[in-house]
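Undergrad: My structure is in upload.cif, and what it holds is mmCIF, C-alpha atoms and all ligand atoms:
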```cif
data_structure
#
loop_
_atom_site.label_atom_id
_atom_site.label_comp_id
_atom_site.auth_asym_id
_atom_site.auth_seq_id
_atom_site.Cartn_x
_atom_site.Cartn_y
_atom_site.Cartn_z
CA MET C 1 -9.83 2.21 -10.43
CA GLY C 2 -9.14 5.00 -7.99
CA GLY C 3 -5.78 3.65 -6.96
CA VAL C 4 -4.76 0.62 -4.93
CA PRO C 5 -3.31 1.77 -1.60
CA GLU C 6 0.37 0.95 -1.09
CA LEU C 7 2.90 2.29 1.38
CA PRO C 8 2.59 6.03 0.56
CA GLU C 9 -1.21 5.92 0.43
CA VAL C 10 -1.53 4.00 3.71
CA GLU C 11 1.14 6.17 5.34
CA ILE C 12 -0.63 9.44 4.49
CA THR C 13 -3.92 7.95 5.70
CA ALA C 14 -2.37 6.92 9.02
CA ARG C 15 -0.52 10.23 9.44
CA LEU C 16 -3.56 12.41 8.84
CA LEU C 17 -5.76 10.25 11.06
CA ASP C 18 -3.15 10.24 13.81
CA ARG C 19 -3.06 14.04 13.81
CA ALA C 20 -6.86 14.28 13.79
CA LEU C 21 -7.83 11.46 16.14
CA ALA C 22 -5.26 11.22 18.93
CA GLY C 23 -7.21 11.54 22.18
CA ALA C 24 -10.66 11.14 20.60
CA GLU C 25 -13.13 9.09 22.64
CA ILE C 26 -14.89 6.17 20.99
CA GLU C 27 -18.67 6.17 21.47
CA SER C 28 -19.31 2.99 19.51
CA ALA C 29 -17.73 0.70 16.92
CA THR C 30 -19.66 -1.57 14.57
CA ALA C 31 -19.09 -3.54 11.38
CA PRO C 32 -22.26 -2.94 9.34
CA GLY C 33 -23.24 -4.56 6.07
CA ILE C 34 -21.00 -7.31 4.77
CA ASN C 35 -18.91 -8.15 7.76
CA ALA C 36 -15.27 -7.21 7.35
CA LEU C 37 -14.45 -8.13 10.93
CA LYS C 38 -12.19 -11.20 11.02
CA THR C 39 -12.11 -11.56 14.81
CA PHE C 40 -14.98 -12.02 17.26
CA ASP C 41 -13.28 -11.96 20.64
CA PRO C 42 -12.98 -9.33 22.01
CA PRO C 43 -16.13 -7.81 20.47
CA LEU C 44 -16.07 -4.32 18.95
CA SER C 45 -18.26 -3.12 21.83
CA GLN C 46 -15.16 -3.37 24.03
CA LEU C 47 -13.90 -0.20 22.37
CA THR C 48 -16.71 1.92 23.77
CA GLY C 49 -15.48 4.61 26.15
CA HIS C 50 -11.82 4.21 25.21
CA ARG C 51 -9.71 6.86 23.54
CA ILE C 52 -7.69 6.58 20.35
CA ALA C 53 -4.03 6.77 21.33
CA ALA C 54 -2.36 6.68 17.90
CA VAL C 55 -2.84 5.69 14.28
CA ARG C 56 0.14 4.21 12.48
CA ARG C 57 1.16 2.09 9.52
CA ARG C 58 2.93 -1.27 9.21
CA GLY C 59 3.45 -2.48 5.63
CA LYS C 60 0.14 -1.78 3.92
CA HIS C 61 -1.82 -2.07 7.17
CA VAL C 62 -3.31 0.68 9.31
CA ILE C 63 -3.15 0.19 13.07
CA VAL C 64 -5.48 2.17 15.35
CA GLU C 65 -4.24 1.95 18.92
CA THR C 66 -6.47 2.74 21.85
CA ASP C 67 -5.79 3.46 25.52
CA GLY C 68 -7.64 0.26 26.42
CA ALA C 69 -4.87 -2.18 25.44
CA LEU C 70 -6.83 -2.98 22.27
CA ALA C 71 -5.89 -2.18 18.68
CA LEU C 72 -7.68 -2.29 15.35
CA LEU C 73 -5.62 -3.83 12.55
CA ILE C 74 -7.01 -2.83 9.15
CA HIS C 75 -6.08 -3.85 5.60
CA LEU C 76 -7.56 -1.67 2.86
CA MET C 77 -6.80 -4.28 0.17
CA SER C 78 -7.36 -3.00 -3.38
CA ALA C 79 -10.18 -0.50 -2.93
CA GLY C 80 -10.62 0.39 0.75
CA ARG C 81 -10.45 3.88 2.22
CA LEU C 82 -10.39 4.84 5.88
CA GLN C 83 -12.31 8.11 5.95
CA LEU C 84 -12.96 10.54 8.78
CA TYR C 85 -16.10 12.65 8.56
CA GLU C 86 -16.82 15.70 10.65
CA LYS C 87 -20.50 14.79 10.84
CA ARG C 88 -22.48 11.61 10.95
CA ALA C 89 -23.49 10.45 7.51
CA GLY C 90 -26.41 8.41 8.84
CA PRO C 91 -26.79 4.68 9.31
CA ARG C 92 -27.49 3.70 5.69
CA ASP C 93 -24.11 3.60 4.01
CA ARG C 94 -23.72 0.28 2.25
CA THR C 95 -20.05 0.84 1.44
CA SER C 96 -19.01 1.06 5.11
CA ARG C 97 -17.32 -2.05 6.50
CA LEU C 98 -16.36 -0.50 9.84
CA LEU C 99 -18.01 2.43 11.54
CA VAL C 100 -16.36 4.08 14.55
CA ARG C 101 -18.44 6.83 16.10
CA LEU C 102 -16.59 9.34 18.23
CA ALA C 103 -18.03 11.13 21.25
CA ASP C 104 -17.30 14.51 19.63
CA GLY C 105 -19.70 13.75 16.75
CA ARG C 106 -17.13 12.69 14.17
CA GLU C 107 -17.20 9.34 12.43
CA LEU C 108 -14.46 7.09 11.06
CA ARG C 109 -15.57 4.78 8.27
CA LEU C 110 -13.79 2.00 6.44
CA ARG C 111 -15.41 2.22 3.02
CA GLU C 112 -14.77 -0.02 0.08
CA PHE C 113 -15.27 0.67 -3.60
CA GLY C 114 -15.39 -1.71 -6.53
CA SER C 115 -16.84 -5.17 -6.84
CA LYS C 116 -14.49 -7.14 -4.59
CA GLN C 117 -15.23 -6.93 -0.89
CA ALA C 118 -11.85 -7.79 0.53
CA ALA C 119 -10.88 -5.09 3.04
CA TRP C 120 -10.71 -6.47 6.56
CA VAL C 121 -10.48 -5.50 10.21
CA LYS C 122 -9.23 -7.33 13.28
CA LEU C 123 -9.68 -6.22 16.88
CA LEU C 124 -6.70 -7.52 18.84
CA ALA C 125 -5.10 -7.16 22.22
CA ALA C 126 -2.34 -4.60 21.67
CA ALA C 127 0.17 -6.98 23.23
CA GLU C 128 -0.66 -9.64 20.62
CA LEU C 129 -0.62 -7.36 17.61
CA GLU C 130 2.85 -8.22 16.37
CA GLN C 131 2.17 -11.95 16.66
CA ASP C 132 -0.89 -11.76 14.42
CA GLY C 133 -0.26 -13.67 11.20
CA ALA C 134 -0.76 -10.62 9.00
CA LEU C 135 2.04 -8.69 10.70
CA ALA C 136 4.30 -11.52 11.87
CA THR C 137 5.01 -12.58 8.28
CA LEU C 138 5.92 -9.10 7.03
CA GLY C 139 9.48 -8.32 5.98
CA PRO C 140 11.29 -5.12 6.99
CA GLU C 141 9.74 -1.78 6.03
CA ALA C 142 10.63 -0.41 2.59
CA TRP C 143 10.51 3.13 3.97
CA PRO C 144 11.99 5.29 5.41
CA ASP C 145 15.03 3.10 6.08
CA PRO C 146 14.97 -0.04 3.95
CA PRO C 147 17.06 -3.06 4.98
CA SER C 148 20.30 -4.08 3.30
CA LEU C 149 19.29 -5.20 -0.18
CA ALA C 150 22.31 -7.49 -0.32
CA ASP C 151 20.52 -9.57 2.30
CA VAL C 152 16.86 -9.41 1.37
CA LEU C 153 17.16 -9.52 -2.44
CA ASP C 154 19.77 -12.28 -2.65
CA VAL C 155 17.35 -14.63 -4.41
CA ALA C 156 17.04 -15.82 -8.03
CA ARG C 157 13.65 -14.16 -8.51
CA PRO C 158 12.82 -11.13 -10.69
CA LEU C 159 13.00 -7.75 -9.00
CA HIS C 160 9.40 -6.95 -9.91
CA THR C 161 8.22 -10.02 -8.02
CA LEU C 162 10.65 -9.67 -5.12
CA LEU C 163 9.90 -6.04 -4.36
CA ARG C 164 6.16 -6.74 -4.22
CA ASP C 165 6.57 -9.74 -1.91
CA GLN C 166 5.53 -8.41 1.50
CA ARG C 167 7.55 -11.11 3.24
CA THR C 168 10.69 -9.80 1.53
CA ILE C 169 10.14 -6.07 1.99
CA ALA C 170 6.91 -4.49 3.21
CA GLY C 171 4.87 -1.75 1.58
CA ILE C 172 5.51 -1.83 -2.19
CA GLY C 173 2.87 -3.05 -4.66
CA ARG C 174 2.09 -3.11 -8.36
CA SER C 175 2.00 0.64 -8.92
CA TRP C 176 5.05 1.88 -7.06
CA VAL C 177 7.31 -0.99 -8.11
CA ASP C 178 7.20 0.30 -11.71
CA GLU C 179 8.17 3.80 -10.58
CA ILE C 180 10.99 2.50 -8.37
CA LEU C 181 12.55 0.23 -11.02
CA TRP C 182 12.31 2.99 -13.64
CA ARG C 183 14.01 5.43 -11.29
CA ALA C 184 16.75 2.87 -10.55
CA LYS C 185 17.15 2.12 -14.30
CA LEU C 186 16.74 -1.59 -13.66
CA SER C 187 14.85 -4.23 -15.63
CA PRO C 188 11.77 -5.60 -13.85
CA PHE C 189 13.06 -9.06 -14.76
CA LYS C 190 16.60 -8.77 -13.49
CA ARG C 191 17.14 -11.33 -10.75
CA GLY C 192 17.68 -10.11 -7.22
CA ASN C 193 20.90 -12.08 -6.88
CA ASP C 194 22.26 -10.68 -10.16
CA LEU C 195 22.56 -7.13 -8.84
CA ASP C 196 26.02 -5.65 -8.39
CA ASP C 197 26.87 -3.18 -5.63
CA ASP C 198 26.19 -0.15 -7.79
CA GLU C 199 22.79 -1.48 -8.86
CA ARG C 200 21.82 -2.30 -5.29
CA ALA C 201 22.77 1.21 -4.20
CA ARG C 202 20.71 2.70 -7.04
CA LEU C 203 17.74 0.55 -6.17
CA ARG C 204 17.86 1.41 -2.49
CA GLU C 205 18.09 5.12 -3.31
CA ALA C 206 15.19 4.76 -5.75
CA ILE C 207 13.00 3.04 -3.15
CA VAL C 208 13.61 5.78 -0.59
CA SER C 209 13.35 8.76 -2.95
CA THR C 210 10.30 7.48 -4.85
CA LEU C 211 8.29 6.82 -1.70
CA THR C 212 9.51 10.02 -0.01
CA ASP C 213 8.46 12.08 -3.04
CA ALA C 214 5.05 10.40 -3.15
CA LEU C 215 4.46 11.23 0.50
CA ALA C 216 5.59 14.83 0.02
CA HIS C 217 3.03 15.08 -2.78
CA TYR C 218 0.28 13.66 -0.62
CA GLU C 219 1.12 16.03 2.23
CA GLN C 220 0.39 18.84 -0.23
CA VAL C 221 -2.78 17.54 -1.85
CA VAL C 222 -4.55 15.07 0.46
CA GLN C 223 -6.83 16.17 3.27
CA LEU C 224 -9.34 14.33 5.42
CA PRO C 225 -11.44 12.56 4.53
CA VAL C 226 -8.96 10.72 2.30
CA PRO C 227 -10.58 10.92 -1.16
CA ASP C 228 -12.28 8.00 -2.89
CA LYS C 229 -9.95 8.57 -5.84
CA LEU C 230 -6.35 8.78 -4.71
CA PRO C 231 -4.26 11.39 -6.58
CA MET C 232 -1.38 8.99 -7.17
CA PRO C 233 1.55 10.82 -8.84
CA LEU C 234 2.54 7.91 -11.08
CA GLU C 235 4.68 8.59 -14.15
CA ILE C 236 5.38 5.07 -15.47
CA HIS C 237 2.73 2.67 -14.18
CA ARG C 238 -0.24 2.68 -16.59
CA HIS C 239 1.61 5.17 -18.80
CA GLU C 240 2.63 2.72 -21.54
CA GLY C 241 2.59 4.34 -24.97
CA GLU C 242 3.64 7.69 -23.53
CA PRO C 243 7.17 9.14 -23.74
CA CYS C 244 9.62 8.24 -20.96
CA PRO C 245 9.90 11.32 -18.71
CA ARG C 246 13.70 10.89 -18.69
CA CYS C 247 14.73 9.92 -22.25
CA GLY C 248 11.63 10.31 -24.43
CA GLU C 249 11.53 6.66 -25.59
CA THR C 250 8.02 5.19 -25.72
CA LEU C 251 7.15 3.36 -22.49
CA LYS C 252 6.21 -0.31 -23.00
CA SER C 253 4.22 -2.76 -20.93
CA VAL C 254 3.94 -6.47 -20.26
CA HIS C 255 0.48 -7.75 -19.45
CA PHE C 256 -0.26 -10.50 -16.97
CA GLU C 257 -3.54 -11.96 -15.88
CA ASP C 258 -4.19 -9.45 -13.11
CA TYR C 259 -1.51 -6.81 -13.44
CA VAL C 260 0.61 -4.85 -15.90
CA ILE C 261 4.30 -4.02 -15.77
CA ALA C 262 5.35 -0.74 -17.42
CA TYR C 263 8.97 0.13 -18.21
CA CYS C 264 11.23 2.15 -20.48
CA PRO C 265 13.19 -0.07 -22.92
CA ALA C 266 15.95 2.53 -23.33
CA CYS C 267 16.44 3.20 -19.61
CA GLN C 268 15.81 -0.26 -18.19
CA THR C 269 16.28 -3.16 -20.63
CA ASP C 270 19.12 -2.10 -22.97
CA GLY C 271 16.57 -1.37 -25.67
CA ARG C 272 14.96 -4.80 -25.56
CA VAL C 273 11.19 -4.98 -25.78
CA LEU C 274 9.92 -7.72 -23.54
CA LYS C 275 7.46 -10.26 -24.89
CA ASP C 276 4.49 -11.21 -22.76
CA ARG C 277 4.53 -14.98 -23.12
CA ARG C 278 8.23 -15.57 -22.59
CA LEU C 279 8.30 -13.35 -19.56
CA SER C 280 5.14 -14.59 -17.96
CA ARG C 281 6.94 -17.92 -17.79
CA LEU C 282 10.08 -16.29 -16.39
CA LEU C 283 8.10 -14.59 -13.66
CA ARG C 284 6.67 -17.74 -12.14
ZN ZN I 301 13.72 6.21 -20.65
#
```
I'd like the structure from this file rewritten - as structure tokens, please.
TA:
Amino acid sequence: MGGVPELPEVEITARLLDRALAGAEIESATAPGINALKTFDPPLSQLTGHRIAAVRRRGKHVIVETDGALALLIHLMSAGRLQLYEKRAGPRDRTSRLLVRLADGRELRLREFGSKQAAWVKLLAAAELEQDGALATLGPEAWPDPPSLADVLDVARPLHTLLRDQRTIAGIGRSWVDEILWRAKLSPFKRGNDLDDDERARLREAIVSTLTDALAHYEQVVQLPVPDKLPMPLEIHRHEGEPCPRCGETLKSVHFEDYVIAYCPACQTDGRVLKDRRLSRLLR
């Protein structure tokens, strides 16, 4: 898979599109092929003639604001990309879920790769955006200024689960959580309410520095259109069997039905190698 978009991937997408699209006039907006549009009123045709005011991120969502008091709320899910093309690619693109044509000849496409068609779009009144269920349930942003972890992680659930729970803290998913916990030298299965002050401080620092570094990398290597395959600079996630970049110990993994946790036994679990079955029960 070309990389599931999480906070850094959605943030670089929004940033680059904001720089490129602010002020651009919308000629038409349609949802061709399998319909990703989850709202029907107002219709997409209401966007015609309006200008894009800003593109920003909230959690793992992209928000395209227009000057017409309407906003597009977009979730890329596991395999969506929001791609800006300088020229029109033509009407027959079966991977496009949303097609926004601009008056200057450019074209913004929500494209989706892989077998699952899950990416979605909502057209909402800008004033109602924050009340939409997708945004209203989100916890505070993980980046750039995460909330007090003493408050949000004070729960008897494993860190790996807690950090990926968008209601707890927004933006982190299955890839970056492995990098963050490795950087903080914390076990994925340590309970949120078992952290001491020093561990909480390490974790907060790891969240900020890991996501900041990822974004700095993307600023160097990603240009529009955002590539189908994201150049995610992961060192731990999906690197089981390789040496730990810090201590050289072999990275291990725990497999679950639809995801894999990677970790360094020496750096994170006091040398213990975690068994799949026991821990899959612990993670429930
Ligand atoms: Zn290590």
Undergrad: Could you list the protein, DNA and RNA residues that have any atom within 12 Å of ligand ZN 301 (chain I), counting all atoms listed in the file, and write them as JSON, numbers by chain?
TA: {"C": [179, 181, 182, 183, 184, 185, 186, 187, 235, 236, 240, 242, 243, 244, 245, 246, 247, 248, 249, 250, 251, 252, 262, 263, 264, 265, 266, 267, 268, 269, 270, 271]}
Undergrad: Which is closest to His160 in chain C among C:Leu124, C:Val64, C:Leu203, C:Leu82, if we use all atoms listed in the file?
TA: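 The answer is C:Leu203, which sits nearest to His160 in chain C.
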Undergrad: Smallest atom-to-atom distance to Ile207 in chain C: which of C:Trp120, C:Phe40, C:Trp176, C:Tyr259, using all atoms listed in the file?
TA: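 Of C:Trp120, C:Phe40, C:Trp176, C:Tyr259, the one nearest Ile207 in chain C, counting all atoms listed in the file, is C:Trp176.
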Undergrad: Counting all atoms listed in the file, find the residues whose atoms lie at most 7 Å from (-15.8, 7.8, 21.6) (file coordinates) and write them out as a short mmCIF file (atom, residue, chain, number, x, y, z; two decimals) with C-alpha atoms, in the coordinates of the input.
TA:
```cif
data_model
loop_
_atom_site.label_atom_id
_atom_site.label_comp_id
_atom_site.auth_asym_id
_atom_site.auth_seq_id
_atom_site.Cartn_x
_atom_site.Cartn_y
_atom_site.Cartn_z
CA ALA C 24 -10.66 11.14 20.60
CA GLU C 25 -13.13 9.09 22.64
CA ILE C 26 -14.89 6.17 20.99
CA GLU C 27 -18.67 6.17 21.47
CA SER C 28 -19.31 2.99 19.51
CA THR C 48 -16.71 1.92 23.77
CA GLY C 49 -15.48 4.61 26.15
CA HIS C 50 -11.82 4.21 25.21
CA ARG C 51 -9.71 6.86 23.54
CA ARG C 101 -18.44 6.83 16.10
CA LEU C 102 -16.59 9.34 18.23
CA ALA C 103 -18.03 11.13 21.25
#
```
Undergrad: I need the residue nearest Ala31 in chain C from this list: C:Val100, C:Leu17, C:Ala216, C:Ala54. Use all atoms listed in the file for the distance.
TA: C:Val100
Undergrad: For a test of reading the model, state the distance in Å between CA of Ala126 in chain C and CA of Glu65 in chain C, rounded to one decimal.
TA: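 Computing it gives 7.4 Å between the two atoms.
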Undergrad: Please report the interatomic distance between CA of Lys229 in chain C and CA of Glu112 in chain C in Å with one decimal.
TA: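 A separation of 11.5 Å between them.
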Undergrad: Using CA of Pro5 in chain C and CA of Ala79 in chain C as the two end points, give the distance in Å to one decimal.
TA: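 Separation between CA of Pro5 in chain C and CA of Ala79 in chain C: 7.4 Å.
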Undergrad: List as a list in words the protein and nucleic acid residues near range 7-12 of chain C, meaning an atom at most 9 Å away when all atoms listed in the file are counted, but skip any in the same chain fewer than 6 places from it.
TA: Arg56, Arg57, Arg58, Gly59, Lys60, His61, Val62, Leu76, Ala142, Trp143, Ala170, Gly171, Ile172, Gly173, Trp176, Leu211, Thr212, Ala214, Leu215, Tyr218, Glu219, Val222, Val226, Leu230 and Met232 of chain C
Undergrad: Convert the current residue selection to file output with C-alpha atoms, as a PDB file, keeping the file's coordinate frame.
TA:
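selection_29.pdb was written with the following content:
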```pdb
ATOM      1  CA  ARG C  56       0.140   4.210  12.480  1.00  0.00           C
ATOM      2  CA  ARG C  57       1.160   2.090   9.520  1.00  0.00           C
ATOM      3  CA  ARG C  58       2.930  -1.270   9.210  1.00  0.00           C
ATOM      4  CA  GLY C  59       3.450  -2.480   5.630  1.00  0.00           C
ATOM      5  CA  LYS C  60       0.140  -1.780   3.920  1.00  0.00           C
ATOM      6  CA  HIS C  61      -1.820  -2.070   7.170  1.00  0.00           C
ATOM      7  CA  VAL C  62      -3.310   0.680   9.310  1.00  0.00           C
ATOM      8  CA  LEU C  76      -7.560  -1.670   2.860  1.00  0.00           C
ATOM      9  CA  ALA C 142      10.630  -0.410   2.590  1.00  0.00           C
ATOM     10  CA  TRP C 143      10.510   3.130   3.970  1.00  0.00           C
ATOM     11  CA  ALA C 170       6.910  -4.490   3.210  1.00  0.00           C
ATOM     12  CA  GLY C 171       4.870  -1.750   1.580  1.00  0.00           C
ATOM     13  CA  ILE C 172       5.510  -1.830  -2.190  1.00  0.00           C
ATOM     14  CA  GLY C 173       2.870  -3.050  -4.660  1.00  0.00           C
ATOM     15  CA  TRP C 176       5.050   1.880  -7.060  1.00  0.00           C
ATOM     16  CA  LEU C 211       8.290   6.820  -1.700  1.00  0.00           C
ATOM     17  CA  THR C 212       9.510  10.020  -0.010  1.00  0.00           C
ATOM     18  CA  ALA C 214       5.050  10.400  -3.150  1.00  0.00           C
ATOM     19  CA  LEU C 215       4.460  11.230   0.500  1.00  0.00           C
ATOM     20  CA  TYR C 218       0.280  13.660  -0.620  1.00  0.00           C
ATOM     21  CA  GLU C 219       1.120  16.030   2.230  1.00  0.00           C
ATOM     22  CA  VAL C 222      -4.550  15.070   0.460  1.00  0.00           C
ATOM     23  CA  VAL C 226      -8.960  10.720   2.300  1.00  0.00           C
ATOM     24  CA  LEU C 230      -6.350   8.780  -4.710  1.00  0.00           C
ATOM     25  CA  MET C 232      -1.380   8.990  -7.170  1.00  0.00           C
TER      26      MET C 232
END
```
Undergrad: Ranking C:Ala14, C:Val121, C:Leu110, C:Gln83 by minimum distance to Leu44 in chain C and counting only C-alpha atoms, which one comes first?
TA: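 Ranked by minimum distance to Leu44 in chain C, first place goes to C:Val121.
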Undergrad: Could you check the closest approach to Arg238 in chain C for each of C:Thr66, C:Val260, C:Val221, C:Leu99 and tell me which residue wins, using all atoms listed in the file?
TA: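 Using all atoms listed in the file, the shortest distance to Arg238 in chain C belongs to C:Val260.
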Undergrad: If we count all atoms listed in the file and set the cut-off at 7 Å, which residues sit around Ile63 in chain C, ignoring sequence neighbours fewer than 6 positions away in its own chain? Please answer as number ranges by chain.
TA: C: 55-57, 71-74
Undergrad: Calculated over all atoms listed in the file, which of the candidates C:Ala53, C:Leu123, C:Leu234, C:Leu70 has the smallest distance to Thr210 in chain C?
TA: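 Checking each candidate against Thr210 in chain C, we get C:Leu234 as the closest.
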Undergrad: Find the residues near Ser148 in chain C: any atom within 12 Å, counting all atoms listed in the file, skip ones fewer than 5 places away on the same chain, and give them as a PyMOL selection string.
TA: chain C and resi 139-142+153-154+168-169+197+200-201+203-205
Undergrad: List the spatial neighbours of Thr137 in chain C as a ChimeraX atom specification - criterion: any atom at most 9 Å away, only C-alpha atoms, same-chain residues fewer than 6 positions off excluded.
TA: /C:131,166-167
Undergrad: Write a file of the just-selected residues containing C-alpha atoms, as a PDB file, in the frame of the given file.
TA:
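Listed below is the output, again19.pdb:
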```pdb
ATOM      1  CA  GLN C 131       2.170 -11.950  16.660  1.00  0.00           C
ATOM      2  CA  GLN C 166       5.530  -8.410   1.500  1.00  0.00           C
ATOM      3  CA  ARG C 167       7.550 -11.110   3.240  1.00  0.00           C
TER       4      ARG C 167
END
```
